[in-house]
Amino acid sequence: MAKLLLLLKVDLIRIFSINKLKNNKNIFKTIGIIALILLIMTYVFGAMGTYTYLGIKFLMQYGLEKYVLPIIYFLCGFVIFYTTIYKAKSYLFNSEDNIFALPLKSSTILTSRVIVLTILNYVIISIIFLPACIIYGVMLKLGIVYYIYAFLAYLFMPFVPTVLGCIFGYIIGYLTSKVNNKKIFETILTYSVVLLIMYLSFNIQTLAMKFVNNIELLNKLLSSVGFLINSFMKLISQYSLKDLLIYIFTNIASMILFIAIFKNSYVKIVQNLKIENTKKKYVEKEHTRKSSLTTLVLKEFKMYFSIPIYILNTSFGVMLIFFASVATLFYDKGFIFKLIKLDPGSLPLYVLLIPVIAFSMATSNTAACSISIEGKNFWILKTMPIETKHIFLSKIILNMLVVIPLTIVSIILFGISFKLTIIQVLIVSLLAIITNITCSMFGIIINLKFPRLDFISYTHVVKQSLSSFLGIMIPLAIFFAIGILYTTLTVSIDIYILAIFALLLAVIMLQYNILKRWGIKRFNEIN
Amino acid sequence: MLKITNLTKRYGDKIAVDNISIEVKPGEIFGFVGHNGAGKTTTIKCIVGILSYEDGNIFIDSDSIKDEPIKCKTKMAYIPDNPDIYENLTGIQYLNFVSDIYNVDKNTRKNLIDKYSKEFEIYDNLDNVISSYSHGMKQKLAVISALVHSPKILVLDEPFVGLDPSAQFKLKEIMKDLCNNGMSIFFSSHVLAVVEKLCDRIAIINKGKIVRIGTVEDITKEGSLEDVFMATLGDE
C-alpha cells in the first residue's frame with residue numbers, strides 16, 4: 001500500500017507538473033496558468049449547467065425530467081470511456097520511465113495507473129456531471145438527502161467507465177502488440193471508434209425524438225445499458241439505500257476485478273508494444289539530393305504519419321467535413337439546414353460552407369504543437385544550419401498538406417451536391433487556403449509561447465498541452481465572433497466575404513511580422 | 001578554428017559558465033574535463049548554438065555564432081551526450097536528412113555513409129527505424145551523421161558513453177585521422193585516460209571557471225591527469 005501511494009504521488013507530480021508550478025519563480029505566470037485553467041473549467045461548468053437547465057425545461061413539457069440525470073450520467077460515462085481509450089496508451093502502457101525495473105508488483109503498477117486515469121476522469125465529471133446534478137436539484141427544489149446521494153453517485157461515478165475504457169484500451173494494446181505495423185493498425189482501430197461516434201452524433205437528434213415519442217424505448221435502452229444506470233436512477237430519484245450500496249459495490253468491484261484479471265498479462269503487453277519490427281538487411285538505394293526546405297517538409301511529414309495520436313487529433317475536423325460532404329451526395333440536403341437551424345433561402349448556399357470550412361481549419365491545426373512535438377530532438381533543428389523561417393515554413397506546409405487536399409475535395413463534393421458554380425467553389429477553396437495559413441501561423445506562434453518539450457508521451461503534447469488547446473479554441477472563438485458579427489450588420493454578404501478576405505490577409509501579414517521579429521528570437525531561446 | 005572569448009552564461013542568478021576563454025587550432029584535439037555540473041555541457045551547448053549567452057563571444061573560423069549562426073553551423077557538427085534523434089525515421093532516412101540539410105552531394109554522401117556505417121557495423125540496420133536501435137547504435141548513428149558532411153570542427157559531448165569497446169577504438173582512430181587532415185575536435189569526457197592519450201590540449205573546468213588549460217604534457221608534468229584533476233578539485 002505504501003508503495004502504491006508513493007507511485008501515485010510521483011505520477012501525479014509528473015502529470016500535473018506540480019514541481020514546475022511550485023518552483024516557478026514568476027508568481028504572475030503561475031497565477032495566470034491557474035486562473036486560465038479555472039476560467040476554462042468555470043466556462044465548461046457554466047455551459048453544462050445551462051444545457052442541463054434547458055434540457056430539464058424541455059423534458060418537463062413531456063414529464064420526462066427524471067431522465068435528465070441518467071442521460072447525462074450515460075453521456076458522461078461515454079466521454080470517460082472514450083477519452084480513457086486514448087489516455088490508456090500514454091498512462092497504462094507507458095514504459096518510458098523504467099518503472100518495471102523497480103521491485104514492484106505488476107498489480108501495484110497497474111493499480112496506480114488505473115487510479116491516475118480515474119483521478120484524471122474526475123476532472124471530466126466535475127465539469128459535466130456535477131453542474132448537472134446541482135441544477136437538477138435546484139430546479140426540482142430537492143432536499144439535502146438528494147445532494148448527499150448525488151454527491152456519493154458523483155464520487156464513485158468514474159470507476160466503471162474508466163475500467164471499460166481501460167479494457168478497450170487494453171484490447172487495442174493487446175491486438176497492436178501482436179501485429180507487425182503497430183502504428184497503422186492503431187490509427188485505423190482508433191479511427192473506427194471515432195467514426196462510430198461521429199455516426200452516433202449525427203443521429204442523436206433522431207434518437208432523442210424517438211425517446212421522447214417512445215418512453216418504452218428509453219426505458220429499454222437504459223436498462224439494456226446496464227443495471228448500473230438503473231441503480232443510479234433509483235438512488236437519485238427514490239433515495240434507495242440498497243441501490244446506493246449496489247452502485248458503490250459495482251464501481252469498486254469493477255476496478256478490483258480488472259486489476260485481478262489483467263495484472264498477469266500487463267507487463268508482457270507493455271514490453272511487446274515496445275518491440276519494433278526490424279528488417280533483415282539494408283538494401284542500398286540511389287541517394288537523391290533535396291533542398292533543405294523539401295527535406296524539412298519530408299521530415300515533418302514522416303513524423304506526422306508515425307504518430308497515430310497526432311493524426312487522430314489534428315485530422316478530426318477535416319475528416320468530419322469530408323464525411324459530411326460525401327453524405328450530402330447520398331442523403332437529403334435539408335439535414336444541413338436543420339443541423340444549423342437556418343432557413344435555406346436566407347443565404348446563398350456557398351456562404352453556408354464558409355463557417356463549416358472555418359471550423360474544419362480551426363480544429364485541424366498540426367502547427368499548434370509542432371514545436372513541442374520535437375521534444376528531445378529539438379537540439380537537431382537548433383544545431384543545424386537552417387534558417388528558422390524555413391523551420392516555421394515547413395510546419396505550415398505540413399498543415400497545408402494534411403488539411404488542404406481533403407478540404408478541396410470536400411468543397412468540390414459540396415459543390416456537386418448543392419450545385420454551386422465554379423466561381424463559388426473557387427471562392428470557398430481560396431478562403432479555406434487563406435484560413436489554413438492563418439491558423440497554421442497562429443499555431444506556431446502559440447506553440448512558441450507555450451512550448452512543452454519535456455513531455456512523457458505524445459498524448460500530453462498533442463491532446464493535453466495548452467498550445468494545442470489554445471491553437472484550436474482561439475481561432476474557433478474568433479471565427480464564431482465573425483459569424484455572429486454578420487448577423488448584427490446590414491452589409492451585403494459579398495462585401496462581408498471580401499472583408500473577411502481582407503481581414504485574414506491582414507492577420508497573415510501581422511503574424512508574419514510577429515514570427516519574423518519575435519518568433520525567431522523566441523525559437524532560439526527555447527531549449 | 002574555435003575561439004571562445006570571455007564567455008559567460010547565466011541561468012537566472014546562477015552563473016553556469018564564468019568568463020572562460022579557449023582557443024582550438026586547426027588539426028587539434030581539445031579535451032574539456034570537469035565534474036558533473038561544472039559547466040561542460042552548457043559551454044558546448046553555447047558553442048553549437050543551442051543556448052544563447054550573455055557576455056563574451058564564440059567564433060567558428062572567425063565567424064561569431066551569435067551573428068552568423070547559419071555560417072558557423074555549416075562548418076560544425078555536434079554529437080550530444082544522449083543520442084536523442086528522430087526515432088520515427090529509419091537510420092538511412094536520418095542520414096539523408098542530415099546530408100540534405102548540409103548540402104552533401106550524392107557521391108560524397110554515398111561514400112561516407114557506406115564507409116562509416118560499415119566501420120561502426122550498423123550498415124545492415126540502416127533500413128530499420130531508429131526506435132528499434134540500441135543506445136549504442138543510436139550513438140553510432142549520431143557519430144556518422146556528424147561525419148557525413150565533413151565538418152571543419154567536431155564538437156562532442158561525452159562521445160564514448162554507450163559505445164562498445166570496438167566502436168570506442170574506431171571513434172578514437174577516426175578522430176585522430178580527421179585531425180591529421182585538418183579538422184578540429186572539441187570534446188568533453190569523464191574518461192580521463194582517453195583524454196590524456198588522445199588530446200593535444202586540455203582545459204579543466206570547475207564551478208564554471210577554467211582552472212587549468214594547456215598541453216597534455218604541461219598539465220601532466222605533476223602527475224597523471226587523474227591526479228591533476230583531483231588536485232584541482234581539492235584546491236577549490
# chains A, B, ... in the order shown; residues from 1 in each chain; ligands from 1
>>> residues_around(residues="Leu244 of chain A", least_positions_apart="6", cutoff="8 Å", atoms="only C-alpha atoms", output="PyMOL selection string")
chain A and resi 149+153+231-232+235
>>> write_last_selection(atoms="N, CA and C atoms", output="CSV table (one decimal), in the first residue's frame")
chain,number,residue,atom,x,y,z
A,149,TYR,N,-27.0,11.9,-1.8
A,149,TYR,CA,-27.0,10.8,-2.7
A,149,TYR,C,-26.3,11.2,-4.0
A,153,ALA,N,-23.0,9.5,-5.6
A,153,ALA,CA,-23.0,9.0,-7.0
A,153,ALA,C,-21.9,9.6,-7.8
A,231,SER,N,-29.6,1.5,-11.2
A,231,SER,CA,-29.3,1.7,-9.8
A,231,SER,C,-29.2,3.2,-9.6
A,232,PHE,N,-28.5,3.9,-10.5
A,232,PHE,CA,-28.3,5.3,-10.4
A,232,PHE,C,-29.7,6.0,-10.4
A,235,LEU,N,-31.4,5.4,-7.0
A,235,LEU,CA,-30.8,6.0,-5.9
A,235,LEU,C,-31.0,7.6,-5.9
>>> interface_residues(of="chain A", to="chain B", cutoff="8 Å", atoms="only C-alpha atoms", output="PDB file with C-alpha atoms, in the first residue's frame")
ATOM      1  CA  ILE A 275       9.330  -4.060 -29.642  1.00  0.00           C
ATOM      2  CA  GLU A 276       9.893  -2.584 -33.080  1.00  0.00           C
ATOM      3  CA  ASN A 277       9.982  -4.819 -36.105  1.00  0.00           C
ATOM      4  CA  THR A 278      13.307  -4.923 -37.850  1.00  0.00           C
ATOM      5  CA  LYS A 279      14.084  -5.750 -41.450  1.00  0.00           C
ATOM      6  CA  LYS A 280      16.789  -8.243 -42.130  1.00  0.00           C
ATOM      7  CA  LYS A 281      19.301  -6.261 -44.080  1.00  0.00           C
ATOM      8  CA  TYR A 282      19.742  -2.778 -45.528  1.00  0.00           C
ATOM      9  CA  VAL A 283      19.418  -2.707 -49.295  1.00  0.00           C
ATOM     10  CA  HIS A 287      20.628   8.606 -52.906  1.00  0.00           C
ATOM     11  CA  THR A 288      18.738  11.692 -54.025  1.00  0.00           C
ATOM     12  CA  ARG A 289      19.606  15.238 -53.123  1.00  0.00           C
ATOM     13  CA  LYS A 290      16.875  17.571 -51.939  1.00  0.00           C
ATOM     14  CA  SER A 291      16.703  21.187 -50.859  1.00  0.00           C
ATOM     15  CA  SER A 292      16.748  21.848 -47.131  1.00  0.00           C
ATOM     16  CA  THR A 295      13.945  17.827 -46.526  1.00  0.00           C
ATOM     17  CA  LEU A 296      12.352  19.611 -43.595  1.00  0.00           C
ATOM     18  CA  LYS A 299      10.782  15.091 -42.085  1.00  0.00           C
ATOM     19  CA  LYS A 302       7.190  11.314 -41.795  1.00  0.00           C
ATOM     20  CA  MET A 303       6.992  12.419 -38.197  1.00  0.00           C
ATOM     21  CA  SER A 306       4.290   7.961 -37.499  1.00  0.00           C
ATOM     22  CA  LYS A 376      14.115  15.724 -27.012  1.00  0.00           C
ATOM     23  CA  ASN A 377      15.087  16.053 -30.684  1.00  0.00           C
ATOM     24  CA  TRP A 379      18.610  20.137 -30.460  1.00  0.00           C
ATOM     25  CA  ILE A 380      18.830  18.767 -34.015  1.00  0.00           C
ATOM     26  CA  LYS A 382      18.877  24.157 -33.319  1.00  0.00           C
ATOM     27  CA  THR A 383      22.324  22.929 -34.261  1.00  0.00           C
ATOM     28  CA  MET A 384      21.696  22.602 -37.987  1.00  0.00           C
ATOM     29  CA  PRO A 385      22.453  25.346 -40.496  1.00  0.00           C
ATOM     30  CA  ILE A 386      18.790  26.024 -41.228  1.00  0.00           C
ATOM     31  CA  GLU A 387      17.050  29.376 -41.319  1.00  0.00           C
ATOM     32  CA  ASN A 524      16.343  30.451 -30.239  1.00  0.00           C
ATOM     33  CA  GLU A 525      15.513  30.962 -26.569  1.00  0.00           C
ATOM     34  CA  ASN A 527      15.786  24.704 -25.126  1.00  0.00           C
TER      35      ASN A 527
END
>>> atom_distance(atom1="atom CA of Pro131 of chain A", atom2="atom CA of Ala47 of chain A")
9.0 Å
>>> atom_distance(atom1="atom CA of Ala327 of chain A", atom2="atom CA of Leu349 of chain A")
16.4 Å
>>> atom_distance(atom1="atom CA of Ala367 of chain A", atom2="atom CA of Ile434 of chain A")
14.9 Å
>>> residues_around(residues="Lys140 of chain B", least_positions_apart="6", cutoff="9 Å", atoms="only C-alpha atoms", output="list of chain:residue names")
B:Pro83, B:Ser117, B:Phe120, B:Glu121, B:Ile122, B:Leu163, B:Ala167
>>> closest_residue(among="A:Ile495, A:Leu7, A:Ile396, A:Ile188", to="Tyr512 of chain A", atoms="only C-alpha atoms")
A:Ile396
>>> residues_around(residues="Gly39 of chain B", least_positions_apart="6", cutoff="9 Å", atoms="only C-alpha atoms", output="list in words")
Ala16, Val17, Asp18, Ile205, Asn206, Lys207, Gly208 and Lys209 of chain B
>>> closest_residue(among="A:Ile259, A:Phe450, A:Pro355, A:Ser254", to="Ile484 of chain A", atoms="only C-alpha atoms")
A:Pro355
>>> select_by_dssp(residues="segment 377-524 of chain A", states="alpha helix (DSSP H)", output="VMD selection string")
chain A and resid 378 to 383 388 to 417 422 to 449 458 to 462 466 to 488 493 to 514 520 to 524
>>> write_last_selection(atoms="C-alpha atoms", output="short mmCIF file (atom, residue, chain, number, x, y, z; two decimals), in the first residue's frame")
data_model
loop_
_atom_site.label_atom_id
_atom_site.label_comp_id
_atom_site.auth_asym_id
_atom_site.auth_seq_id
_atom_site.Cartn_x
_atom_site.Cartn_y
_atom_site.Cartn_z
CA PHE A 378 14.81 19.83 -30.61
CA TRP A 379 18.61 20.14 -30.46
CA ILE A 380 18.83 18.77 -34.01
CA LEU A 381 17.00 21.73 -35.53
CA LYS A 382 18.88 24.16 -33.32
CA THR A 383 22.32 22.93 -34.26
CA THR A 388 14.45 29.42 -38.54
CA LYS A 389 11.91 30.80 -41.01
CA HIS A 390 12.34 27.61 -43.06
CA ILE A 391 11.55 25.54 -39.97
CA PHE A 392 8.36 27.55 -39.46
CA LEU A 393 7.53 27.29 -43.14
CA SER A 394 7.96 23.50 -43.15
CA LYS A 395 5.48 23.24 -40.28
CA ILE A 396 2.98 25.46 -42.09
CA ILE A 397 3.40 23.40 -45.28
CA LEU A 398 2.74 20.19 -43.32
CA ASN A 399 -0.55 21.60 -42.06
CA MET A 400 -1.48 22.62 -45.59
CA LEU A 401 -0.59 19.18 -46.99
CA VAL A 402 -2.64 17.42 -44.32
CA VAL A 403 -5.67 19.69 -44.47
CA ILE A 404 -5.97 21.41 -47.84
CA PRO A 405 -6.25 18.48 -50.33
CA LEU A 406 -9.07 16.76 -48.44
CA THR A 407 -10.78 20.11 -47.80
CA ILE A 408 -10.71 20.99 -51.50
CA VAL A 409 -12.16 17.55 -52.32
CA SER A 410 -14.87 18.15 -49.71
CA ILE A 411 -15.65 21.60 -51.15
CA ILE A 412 -15.94 20.10 -54.65
CA LEU A 413 -18.26 17.38 -53.33
CA PHE A 414 -20.36 20.00 -51.56
CA GLY A 415 -20.30 21.94 -54.83
CA ILE A 416 -21.68 18.94 -56.71
CA SER A 417 -24.32 18.25 -54.04
CA ILE A 422 -17.17 27.02 -60.24
CA ILE A 423 -16.58 30.58 -59.02
CA GLN A 424 -18.35 29.80 -55.74
CA VAL A 425 -16.27 26.63 -55.28
CA LEU A 426 -13.13 28.65 -56.01
CA ILE A 427 -14.07 31.38 -53.52
CA VAL A 428 -14.64 28.85 -50.72
CA SER A 429 -11.45 26.97 -51.65
CA LEU A 430 -9.39 30.16 -51.63
CA LEU A 431 -10.89 31.14 -48.31
CA ALA A 432 -10.04 27.67 -46.96
CA ILE A 433 -6.41 28.04 -48.03
CA ILE A 434 -6.06 31.51 -46.52
CA THR A 435 -7.78 30.40 -43.31
CA ASN A 436 -5.47 27.39 -43.14
CA ILE A 437 -2.38 29.59 -43.45
CA THR A 438 -3.75 31.96 -40.79
CA CYS A 439 -4.43 29.08 -38.39
CA SER A 440 -1.05 27.45 -39.07
CA MET A 441 0.85 30.66 -38.36
CA PHE A 442 -1.19 31.23 -35.24
CA GLY A 443 -0.48 27.63 -34.17
CA ILE A 444 3.25 28.21 -34.42
CA ILE A 445 3.05 31.49 -32.51
CA ILE A 446 1.01 29.96 -29.69
CA ASN A 447 3.32 26.94 -29.53
CA LEU A 448 6.38 29.19 -29.37
CA LYS A 449 4.69 31.00 -26.49
CA TYR A 458 2.83 12.28 -27.44
CA THR A 459 -0.69 12.34 -25.94
CA HIS A 460 0.43 15.01 -23.45
CA VAL A 461 1.64 17.35 -26.12
CA VAL A 462 -0.94 16.64 -28.84
CA LEU A 466 -2.00 24.46 -23.56
CA SER A 467 -0.80 25.39 -27.04
CA SER A 468 -2.88 22.62 -28.66
CA PHE A 469 -5.94 23.78 -26.76
CA LEU A 470 -5.49 27.48 -27.44
CA GLY A 471 -4.41 26.79 -31.02
CA ILE A 472 -7.89 25.41 -31.66
CA MET A 473 -10.08 27.38 -29.27
CA ILE A 474 -8.88 30.92 -30.06
CA PRO A 475 -9.39 30.65 -33.87
CA LEU A 476 -12.75 28.93 -33.24
CA ALA A 477 -13.84 31.77 -30.94
CA ILE A 478 -12.69 34.39 -33.49
CA PHE A 479 -14.48 32.65 -36.39
CA PHE A 480 -17.60 32.36 -34.26
CA ALA A 481 -17.42 36.08 -33.45
CA ILE A 482 -17.01 36.89 -37.17
CA GLY A 483 -20.13 34.83 -37.90
CA ILE A 484 -22.14 36.47 -35.14
CA LEU A 485 -20.98 39.93 -36.23
CA TYR A 486 -22.56 39.39 -39.65
CA THR A 487 -25.99 38.90 -38.08
CA THR A 488 -25.71 42.30 -36.38
CA ILE A 493 -22.79 39.07 -47.93
CA ASP A 494 -20.42 39.73 -50.86
CA ILE A 495 -18.90 42.75 -49.12
CA TYR A 496 -18.73 40.81 -45.88
CA ILE A 497 -16.83 37.95 -47.55
CA LEU A 498 -14.47 40.46 -49.13
CA ALA A 499 -13.95 41.99 -45.70
CA ILE A 500 -13.15 38.51 -44.30
CA PHE A 501 -10.59 38.00 -47.07
CA ALA A 502 -9.01 41.37 -46.28
CA LEU A 503 -9.04 40.65 -42.56
CA LEU A 504 -7.39 37.23 -42.99
CA LEU A 505 -4.72 38.67 -45.27
CA ALA A 506 -4.03 41.41 -42.73
CA VAL A 507 -3.78 38.82 -39.94
CA ILE A 508 -1.36 36.78 -42.09
CA MET A 509 0.82 39.85 -42.58
CA LEU A 510 0.68 40.65 -38.88
CA GLN A 511 1.54 37.07 -37.92
CA TYR A 512 4.35 37.02 -40.48
CA ASN A 513 5.87 40.04 -38.78
CA ILE A 514 5.39 38.52 -35.33
CA ILE A 520 12.77 33.62 -34.46
CA LYS A 521 14.12 35.15 -31.24
CA ARG A 522 11.76 33.04 -29.15
CA PHE A 523 12.68 29.87 -31.07
CA ASN A 524 16.34 30.45 -30.24
#
>>> residues_around(residues="segment 219-230 of chain B", least_positions_apart="4", cutoff="7 Å", atoms="only C-alpha atoms", output="list in words")
Leu192, Glu196, Gly214, Thr215 and Gly234 of chain B
>>> write_last_selection(atoms="N, CA and C atoms", output="short mmCIF file (atom, residue, chain, number, x, y, z; two decimals), in the first residue's frame")
data_model
loop_
_atom_site.label_atom_id
_atom_site.label_comp_id
_atom_site.auth_asym_id
_atom_site.auth_seq_id
_atom_site.Cartn_x
_atom_site.Cartn_y
_atom_site.Cartn_z
N LEU B 192 39.26 10.08 -18.16
CA LEU B 192 40.49 10.89 -18.15
C LEU B 192 41.63 10.21 -18.90
N GLU B 196 43.71 12.01 -21.81
CA GLU B 196 45.17 12.15 -21.68
C GLU B 196 45.90 11.60 -22.92
N GLY B 214 46.07 23.93 -20.99
CA GLY B 214 47.41 23.80 -21.56
C GLY B 214 47.57 22.51 -22.33
N THR B 215 48.79 22.24 -22.76
CA THR B 215 49.02 20.99 -23.48
C THR B 215 49.00 19.83 -22.49
N GLY B 234 40.50 19.62 -5.26
CA GLY B 234 40.90 19.83 -3.87
C GLY B 234 41.23 21.28 -3.60
#
